[in-house]
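Text of the file final-v6.cif, holding mmCIF, C-alpha atoms:
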```
data_data
loop_
_atom_site.group_PDB
_atom_site.id
_atom_site.type_symbol
_atom_site.label_atom_id
_atom_site.label_comp_id
_atom_site.auth_asym_id
_atom_site.auth_seq_id
_atom_site.Cartn_x
_atom_site.Cartn_y
_atom_site.Cartn_z
ATOM 1 C CA ALA A 966 97.554 99.167 44.245
ATOM 2 C CA SER A 967 99.343 97.192 46.925
ATOM 3 C CA VAL A 968 98.294 94.257 49.015
ATOM 4 C CA ARG A 969 99.574 93.452 52.495
ATOM 5 C CA ASP A 970 98.838 90.298 54.440
ATOM 6 C CA ILE A 971 97.645 91.405 57.888
ATOM 7 C CA THR A 972 96.470 87.975 59.045
ATOM 8 C CA GLU A 973 99.162 87.641 61.719
ATOM 9 C CA GLU A 974 98.695 91.218 62.859
ATOM 10 C CA LYS A 975 94.940 90.715 63.301
ATOM 11 C CA LYS A 976 95.601 87.445 65.091
ATOM 12 C CA ALA A 977 97.966 89.185 67.514
ATOM 13 C CA VAL A 978 95.410 91.938 68.194
ATOM 14 C CA GLU A 979 92.714 89.340 68.903
ATOM 15 C CA GLU A 980 95.033 87.437 71.241
ATOM 16 C CA LEU A 981 95.825 90.643 73.109
ATOM 17 C CA ARG A 982 92.130 91.525 73.363
ATOM 18 C CA LYS A 983 91.349 88.023 74.680
ATOM 19 C CA THR A 984 94.192 88.189 77.201
ATOM 20 C CA ARG A 985 92.976 91.557 78.493
ATOM 21 C CA LYS A 986 89.412 90.254 78.717
ATOM 22 C CA ASP A 987 90.542 87.158 80.639
ATOM 23 C CA PHE A 988 92.606 89.334 82.968
ATOM 24 C CA GLN A 989 89.672 91.672 83.590
ATOM 25 C CA LEU A 990 87.415 88.698 84.369
ATOM 26 C CA LEU A 991 90.004 87.405 86.854
ATOM 27 C CA VAL A 992 90.392 90.806 88.543
ATOM 28 C CA SER A 993 86.624 91.311 88.668
ATOM 29 C CA SER A 994 86.177 88.053 90.576
ATOM 30 C CA VAL A 995 88.699 88.903 93.320
ATOM 31 C CA LYS A 996 86.789 89.821 96.478
ATOM 32 C CA ASP A 997 89.487 90.278 99.141
ATOM 33 C CA TYR A 998 91.423 93.003 97.325
ATOM 34 C CA ALA A 999 90.309 96.205 95.650
ATOM 35 C CA ILE A 1000 92.043 96.135 92.243
ATOM 36 C CA PHE A 1001 91.291 98.908 89.768
ATOM 37 C CA MET A 1002 92.880 101.141 87.156
ATOM 38 C CA LEU A 1003 93.337 104.903 87.185
ATOM 39 C CA ASP A 1004 94.037 107.346 84.387
ATOM 40 C CA VAL A 1005 97.108 109.597 84.546
ATOM 41 C CA HIS A 1006 95.225 112.073 86.761
ATOM 42 C CA GLY A 1007 94.107 109.484 89.313
ATOM 43 C CA ASN A 1008 90.532 109.144 88.032
ATOM 44 C CA ILE A 1009 89.028 105.654 88.379
ATOM 45 C CA ILE A 1010 88.403 103.828 85.088
ATOM 46 C CA THR A 1011 87.821 100.212 86.213
ATOM 47 C CA TRP A 1012 86.330 98.660 89.365
ATOM 48 C CA ASN A 1013 86.170 95.111 90.761
ATOM 49 C CA SER A 1014 83.960 93.308 93.283
ATOM 50 C CA GLY A 1015 86.696 93.513 95.931
ATOM 51 C CA ALA A 1016 86.760 97.296 95.563
ATOM 52 C CA GLU A 1017 82.986 97.424 96.063
ATOM 53 C CA LYS A 1018 83.237 95.181 99.138
ATOM 54 C CA ILE A 1019 86.051 97.204 100.737
ATOM 55 C CA ASN A 1020 85.087 100.759 99.743
ATOM 56 C CA GLY A 1021 81.303 100.444 99.504
ATOM 57 C CA TYR A 1022 80.837 102.052 96.074
ATOM 58 C CA ARG A 1023 79.079 100.330 93.170
ATOM 59 C CA GLU A 1024 80.819 100.550 89.806
ATOM 60 C CA GLU A 1025 78.338 103.041 88.351
ATOM 61 C CA GLU A 1026 78.827 105.324 91.377
ATOM 62 C CA ILE A 1027 82.613 105.481 91.334
ATOM 63 C CA ILE A 1028 83.820 105.314 87.717
ATOM 64 C CA GLY A 1029 85.227 108.703 86.729
ATOM 65 C CA LYS A 1030 85.768 109.913 90.288
ATOM 66 C CA ASN A 1031 89.215 110.754 91.614
ATOM 67 C CA ILE A 1032 90.965 108.643 94.260
ATOM 68 C CA GLU A 1033 90.690 111.633 96.589
ATOM 69 C CA VAL A 1034 87.279 110.206 97.636
ATOM 70 C CA PHE A 1035 89.177 107.548 99.649
ATOM 71 C CA TYR A 1036 91.204 110.078 101.659
ATOM 72 C CA ALA A 1037 90.379 112.178 104.713
ATOM 73 C CA ARG A 1038 90.091 115.927 104.123
ATOM 74 C CA GLU A 1039 93.358 116.705 105.934
ATOM 75 C CA ASP A 1040 95.231 114.199 103.759
ATOM 76 C CA ILE A 1041 93.778 115.756 100.613
ATOM 77 C CA GLU A 1042 94.835 119.207 101.807
ATOM 78 C CA LYS A 1043 98.370 117.849 102.342
ATOM 79 C CA GLY A 1044 98.337 116.538 98.753
ATOM 80 C CA GLU A 1045 98.736 112.883 99.717
ATOM 81 C CA PRO A 1046 96.773 111.335 96.786
ATOM 82 C CA LYS A 1047 98.872 113.164 94.171
ATOM 83 C CA SER A 1048 102.020 112.458 96.175
ATOM 84 C CA CYS A 1049 101.320 108.695 96.075
ATOM 85 C CA LEU A 1050 100.996 108.777 92.281
ATOM 86 C CA GLN A 1051 104.177 110.819 91.933
ATOM 87 C CA LYS A 1052 106.139 108.453 94.177
ATOM 88 C CA ALA A 1053 104.905 105.466 92.152
ATOM 89 C CA LEU A 1054 106.058 107.263 89.010
ATOM 90 C CA ASN A 1055 109.483 108.039 90.491
ATOM 91 C CA GLU A 1056 110.087 104.622 92.069
ATOM 92 C CA GLY A 1057 108.223 102.299 89.679
ATOM 93 C CA ARG A 1058 105.942 101.190 92.534
ATOM 94 C CA PHE A 1059 104.764 102.764 95.763
ATOM 95 C CA GLU A 1060 103.309 101.029 98.837
ATOM 96 C CA SER A 1061 101.867 102.648 101.939
ATOM 97 C CA GLU A 1062 99.597 101.983 104.915
ATOM 98 C CA GLY A 1063 97.142 104.347 106.501
ATOM 99 C CA LEU A 1064 93.542 105.290 107.181
ATOM 100 C CA ARG A 1065 91.133 105.442 104.235
ATOM 101 C CA VAL A 1066 87.480 106.486 103.935
ATOM 102 C CA ARG A 1067 84.583 104.265 102.823
ATOM 103 C CA LYS A 1068 81.461 105.491 101.043
ATOM 104 C CA ASP A 1069 79.543 105.629 104.346
ATOM 105 C CA GLY A 1070 82.261 107.819 105.900
ATOM 106 C CA SER A 1071 83.703 105.100 108.143
ATOM 107 C CA MET A 1072 87.473 104.739 108.341
ATOM 108 C CA PHE A 1073 89.585 101.627 107.855
ATOM 109 C CA TYR A 1074 93.275 100.791 107.766
ATOM 110 C CA ALA A 1075 94.510 99.950 104.289
ATOM 111 C CA ASN A 1076 97.631 98.624 102.662
ATOM 112 C CA VAL A 1077 97.801 100.330 99.254
ATOM 113 C CA VAL A 1078 100.065 99.700 96.257
ATOM 114 C CA PHE A 1079 100.281 101.961 93.188
ATOM 115 C CA THR A 1080 101.965 100.762 89.995
ATOM 116 C CA PRO A 1081 102.342 102.977 86.875
ATOM 117 C CA LEU A 1082 101.348 101.586 83.464
ATOM 118 C CA TYR A 1083 103.152 102.371 80.209
ATOM 119 C CA ASP A 1084 102.371 101.661 76.558
ATOM 120 C CA ASP A 1085 104.817 100.157 74.046
ATOM 121 C CA ASN A 1086 106.382 103.593 73.514
ATOM 122 C CA GLN A 1087 106.939 104.035 77.264
ATOM 123 C CA ASN A 1088 104.242 106.682 77.537
ATOM 124 C CA LEU A 1089 102.374 106.718 80.851
ATOM 125 C CA TYR A 1090 98.685 105.902 80.397
ATOM 126 C CA GLY A 1091 97.578 105.203 83.966
ATOM 127 C CA TYR A 1092 98.085 103.274 87.186
ATOM 128 C CA VAL A 1093 96.944 100.074 88.860
ATOM 129 C CA LYS A 1094 95.857 100.524 92.472
ATOM 130 C CA VAL A 1095 95.568 97.538 94.821
ATOM 131 C CA THR A 1096 94.027 98.002 98.267
ATOM 132 C CA TRP A 1097 93.876 95.479 101.119
ATOM 133 C CA ASP A 1098 91.801 96.110 104.249
ATOM 134 C CA ILE A 1099 94.195 95.397 107.148
ATOM 135 C CA THR A 1100 91.973 96.692 109.964
ATOM 136 C CA GLU A 1101 91.519 93.288 111.615
ATOM 137 C CA LYS A 1102 95.153 92.323 111.081
ATOM 138 C CA ARG A 1103 96.296 95.577 112.660
ATOM 139 C CA LYS A 1104 93.904 95.136 115.598
ATOM 140 C CA THR A 1105 95.220 91.608 116.207
ATOM 141 C CA VAL A 1106 98.826 92.832 116.181
ATOM 142 C CA GLU A 1107 97.987 95.680 118.577
ATOM 143 C CA ASP A 1108 96.155 93.280 120.917
ATOM 144 C CA LEU A 1109 99.148 90.929 120.943
ATOM 145 C CA ARG A 1110 101.526 93.802 121.683
ATOM 146 C CA TYR A 1111 99.279 94.957 124.519
ATOM 147 C CA MET A 1112 99.149 91.475 126.042
ATOM 148 C CA ALA A 1113 102.921 91.110 125.635
ATOM 149 C CA THR A 1114 103.456 94.403 127.476
ATOM 150 C CA ILE A 1115 101.228 93.248 130.334
ATOM 151 C CA ALA A 1116 103.032 89.892 130.486
ATOM 152 C CA GLU A 1117 106.436 91.576 130.631
ATOM 153 C CA ASN A 1118 105.462 93.984 133.408
ATOM 154 C CA ILE A 1119 103.253 91.816 135.586
ATOM 155 C CA GLN A 1120 104.765 90.844 138.937
ATOM 156 C CA GLU A 1121 103.575 87.236 138.786
ATOM 157 C CA PRO A 1122 105.276 84.534 136.669
ATOM 158 C CA VAL A 1123 103.735 84.309 133.190
ATOM 159 C CA ILE A 1124 104.561 81.294 131.030
ATOM 160 C CA SER A 1125 102.818 80.515 127.744
ATOM 161 C CA SER A 1126 103.183 77.763 125.160
ATOM 162 C CA ASP A 1127 101.890 77.008 121.661
ATOM 163 C CA ASN A 1128 99.767 74.064 120.494
ATOM 164 C CA ASP A 1129 102.856 71.824 120.479
ATOM 165 C CA ALA A 1130 103.590 72.614 124.145
ATOM 166 C CA LEU A 1131 106.656 74.649 123.173
ATOM 167 C CA ILE A 1132 107.352 77.654 125.379
ATOM 168 C CA THR A 1133 106.696 80.992 123.671
ATOM 169 C CA ARG A 1134 106.823 83.401 126.632
ATOM 170 C CA TRP A 1135 108.722 83.426 129.915
ATOM 171 C CA ASN A 1136 108.598 86.752 131.713
ATOM 172 C CA ASP A 1137 111.012 88.320 134.234
ATOM 173 C CA ALA A 1138 109.002 87.078 137.224
ATOM 174 C CA ALA A 1139 109.261 83.510 135.915
ATOM 175 C CA GLU A 1140 113.035 83.946 135.545
ATOM 176 C CA LYS A 1141 113.363 85.106 139.150
ATOM 177 C CA LEU A 1142 111.159 82.355 140.556
ATOM 178 C CA LEU A 1143 112.427 79.397 138.538
ATOM 179 C CA GLY A 1144 115.989 80.413 137.709
ATOM 180 C CA TRP A 1145 115.769 79.814 133.955
ATOM 181 C CA LYS A 1146 116.464 82.680 131.566
ATOM 182 C CA SER A 1147 113.894 83.293 128.821
ATOM 183 C CA ALA A 1148 116.491 82.601 126.100
ATOM 184 C CA GLU A 1149 117.266 79.218 127.710
ATOM 185 C CA VAL A 1150 113.704 77.899 127.663
ATOM 186 C CA THR A 1151 111.960 79.561 124.699
ATOM 187 C CA GLY A 1152 111.184 76.890 122.125
ATOM 188 C CA LYS A 1153 111.611 73.999 124.581
ATOM 189 C CA ASN A 1154 108.850 71.596 125.564
ATOM 190 C CA ILE A 1155 107.158 72.949 128.658
ATOM 191 C CA ASP A 1156 107.071 69.499 130.314
ATOM 192 C CA SER A 1157 110.847 69.171 129.988
ATOM 193 C CA VAL A 1158 111.343 72.448 131.848
ATOM 194 C CA LEU A 1159 108.578 72.372 134.428
ATOM 195 C CA THR A 1160 108.523 69.101 136.335
ATOM 196 C CA VAL A 1161 105.851 68.811 138.995
ATOM 197 C CA TYR A 1162 106.445 66.540 141.995
ATOM 198 C CA TYR A 1163 103.507 65.347 144.040
ATOM 199 C CA PRO A 1164 104.310 64.417 147.668
ATOM 200 C CA ASN A 1165 103.337 60.922 148.811
ATOM 201 C CA GLU A 1166 100.174 60.878 150.838
#
```

Exercise: express the given structure as structure tokens:
Amino acid sequence: ASVRDITEEKKAVEELRKTRKDFQLLVSSVKDYAIFMLDVHGNIITWNSGAEKINGYREEEIIGKNIEVFYAREDIEKGEPKSCLQKALNEGRFESEGLRVRKDGSMFYANVVFTPLYDDNQNLYGYVKVTWDITEKRKTVEDLRYMATIAENIQEPVISSDNDALITRWNDAAEKLLGWKSAEVTGKNIDSVLTVYYPNE
């Protein structure tokens, strides 16, 4: 017979189990990001509250399903879900932006990151997928670009400033009327550039 002291080994296993449990509790509480794990085939094996909020599925509805449920039919036919996993495998991490599908069929813009997971022997056992809904952010950026285009092409002088009264925009019409180039005034206090004189009554 032989006897081996496994006290430290059991302690290490318990510490690892506790760490994983604490991590899962942390991930589960995150509401602004969908954070979940996939198996090697892209099937969902964990789900957090952020994923439910963004994608619309409850945990019991989605566990075991493939990530293809988040993609439009044409993207599935092009093999995009599998391609994302393969790129993550090749590069160690893969990030992309594009349209995704919610449970109710509505579309949203998402920033998605895939990261492969390996065991101690460097064998692949799955992926972590993090999704961020950037629909509002994208809309804000597009609105700003649209307004900037209008400001650049409008025939009347357009001058804008931030909350500190520093000039942020000075279009071509303003240059022609006032003589200052945009590069000369951007970032300057608007009162130091535009001085208004009132005639004596």

**Request:** Kindly indicate which residue among A:Ala1148, A:Lys1018, A:His1006, A:Gly1070 lies nearest to A:Ser1048, using only C-alpha atoms for the distances.
**Result:**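 Smallest distance to A:Ser1048 is found for A:His1006.
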
**Request:** Could you tell me which of A:Leu1159, A:Ile1032, A:Leu1089, A:Val1005 comes closest to A:Val1066 if we count all atoms listed in the file?
**Result:**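 The shortest atom-to-atom distance to A:Val1066 comes from A:Ile1032.
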
**Asked** For A:Thr1011, which residue out of A:Val1095, A:Leu1064, A:Ala1139, A:Ile1041 is the nearest one, using all atoms listed in the file?
**Response**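 Closest to A:Thr1011 of all the choices is A:Val1095.
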
**Request:** For A:Asn1031, work out the shell of residues within 8 Å, counting only C-alpha atoms and skipping chain neighbours fewer than 4 positions away, then give it as a ChimeraX atom specification.
**Result:** /A:1006-1009

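When only C-alpha atoms are used to measure the gap to A:Asp997, the shortest distance among A:Ala1053, A:Asn1128, A:Ile1099, A:Glu1042 belongs to A:Ile1099.
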
**Prompt:** In Å, how far is it from atom CA of A:Gly1091 to atom CA of A:Tyr1022?
**Reply:**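 Going from atom CA of A:Gly1091 over to atom CA of A:Tyr1022, I get 20.9 Å.
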
If the PyMOL selection byres ((chain A and resi 1050-1052) around 9) were run on this exact file, what residues would it hold? Put them as a PDB file with C-alpha atoms, in the frame of the given file.
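Saved as result38.pdb:
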```
ATOM      1  CA  VAL A1005      97.108 109.597  84.546  1.00  0.00           C
ATOM      2  CA  HIS A1006      95.225 112.073  86.761  1.00  0.00           C
ATOM      3  CA  GLY A1007      94.107 109.484  89.313  1.00  0.00           C
ATOM      4  CA  GLU A1045      98.736 112.883  99.717  1.00  0.00           C
ATOM      5  CA  PRO A1046      96.773 111.335  96.786  1.00  0.00           C
ATOM      6  CA  LYS A1047      98.872 113.164  94.171  1.00  0.00           C
ATOM      7  CA  SER A1048     102.020 112.458  96.175  1.00  0.00           C
ATOM      8  CA  CYS A1049     101.320 108.695  96.075  1.00  0.00           C
ATOM      9  CA  ALA A1053     104.905 105.466  92.152  1.00  0.00           C
ATOM     10  CA  LEU A1054     106.058 107.263  89.010  1.00  0.00           C
ATOM     11  CA  ASN A1055     109.483 108.039  90.491  1.00  0.00           C
ATOM     12  CA  GLU A1056     110.087 104.622  92.069  1.00  0.00           C
ATOM     13  CA  GLY A1057     108.223 102.299  89.679  1.00  0.00           C
ATOM     14  CA  ARG A1058     105.942 101.190  92.534  1.00  0.00           C
ATOM     15  CA  PHE A1059     104.764 102.764  95.763  1.00  0.00           C
ATOM     16  CA  PHE A1079     100.281 101.961  93.188  1.00  0.00           C
ATOM     17  CA  THR A1080     101.965 100.762  89.995  1.00  0.00           C
ATOM     18  CA  PRO A1081     102.342 102.977  86.875  1.00  0.00           C
ATOM     19  CA  TYR A1092      98.085 103.274  87.186  1.00  0.00           C
TER      20      TYR A1092
END
```

**Message:** Between atom CA of A:Glu1033 and atom CA of A:Val1077, what is the distance in Å, rounded to a tenth?
**Reply:** 13.6 Å

**Item:** Atomic distance atom CA of A:Ser1157 - atom CA of A:Val1123, expressed in Å with one decimal
**Value:** 17.0 Å

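The closest residue to A:Arg1103, picked from A:Ser1061, A:Phe1073, A:Ile1155, A:Trp1145 and counting only C-alpha atoms, is A:Phe1073.
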
**Sel. within 10 Å of pt (94.1, 97.8, 109.7), counting only C-alpha atoms, output as number ranges by chain** = A: 1062-1065, 1072-1076, 1097-1107

**Prompt:** So which one's closest to A:Glu1060, A:Ala1037, A:Val1093, A:Ile1019, A:Leu1131? Using all atoms listed in the file, please.
**Reply:** A:Val1093

**Request:** Step by step, work through what the PyMOL selection byres ((chain A and resi 1126) around 10) selects in the shown file, and finish by giving those residues as a PyMOL selection string.
**Result:** chain A and resi 1124-1125+1127-1135+1151-1155

Save the residues we just selected, C-alpha atoms, as a PDB file, in the coordinates of the input?
```
ATOM      1  CA  ILE A1124     104.561  81.294 131.030  1.00  0.00           C
ATOM      2  CA  SER A1125     102.818  80.515 127.744  1.00  0.00           C
ATOM      3  CA  ASP A1127     101.890  77.008 121.661  1.00  0.00           C
ATOM      4  CA  ASN A1128      99.767  74.064 120.494  1.00  0.00           C
ATOM      5  CA  ASP A1129     102.856  71.824 120.479  1.00  0.00           C
ATOM      6  CA  ALA A1130     103.590  72.614 124.145  1.00  0.00           C
ATOM      7  CA  LEU A1131     106.656  74.649 123.173  1.00  0.00           C
ATOM      8  CA  ILE A1132     107.352  77.654 125.379  1.00  0.00           C
ATOM      9  CA  THR A1133     106.696  80.992 123.671  1.00  0.00           C
ATOM     10  CA  ARG A1134     106.823  83.401 126.632  1.00  0.00           C
ATOM     11  CA  TRP A1135     108.722  83.426 129.915  1.00  0.00           C
ATOM     12  CA  THR A1151     111.960  79.561 124.699  1.00  0.00           C
ATOM     13  CA  GLY A1152     111.184  76.890 122.125  1.00  0.00           C
ATOM     14  CA  LYS A1153     111.611  73.999 124.581  1.00  0.00           C
ATOM     15  CA  ASN A1154     108.850  71.596 125.564  1.00  0.00           C
ATOM     16  CA  ILE A1155     107.158  72.949 128.658  1.00  0.00           C
TER      17      ILE A1155
END
```
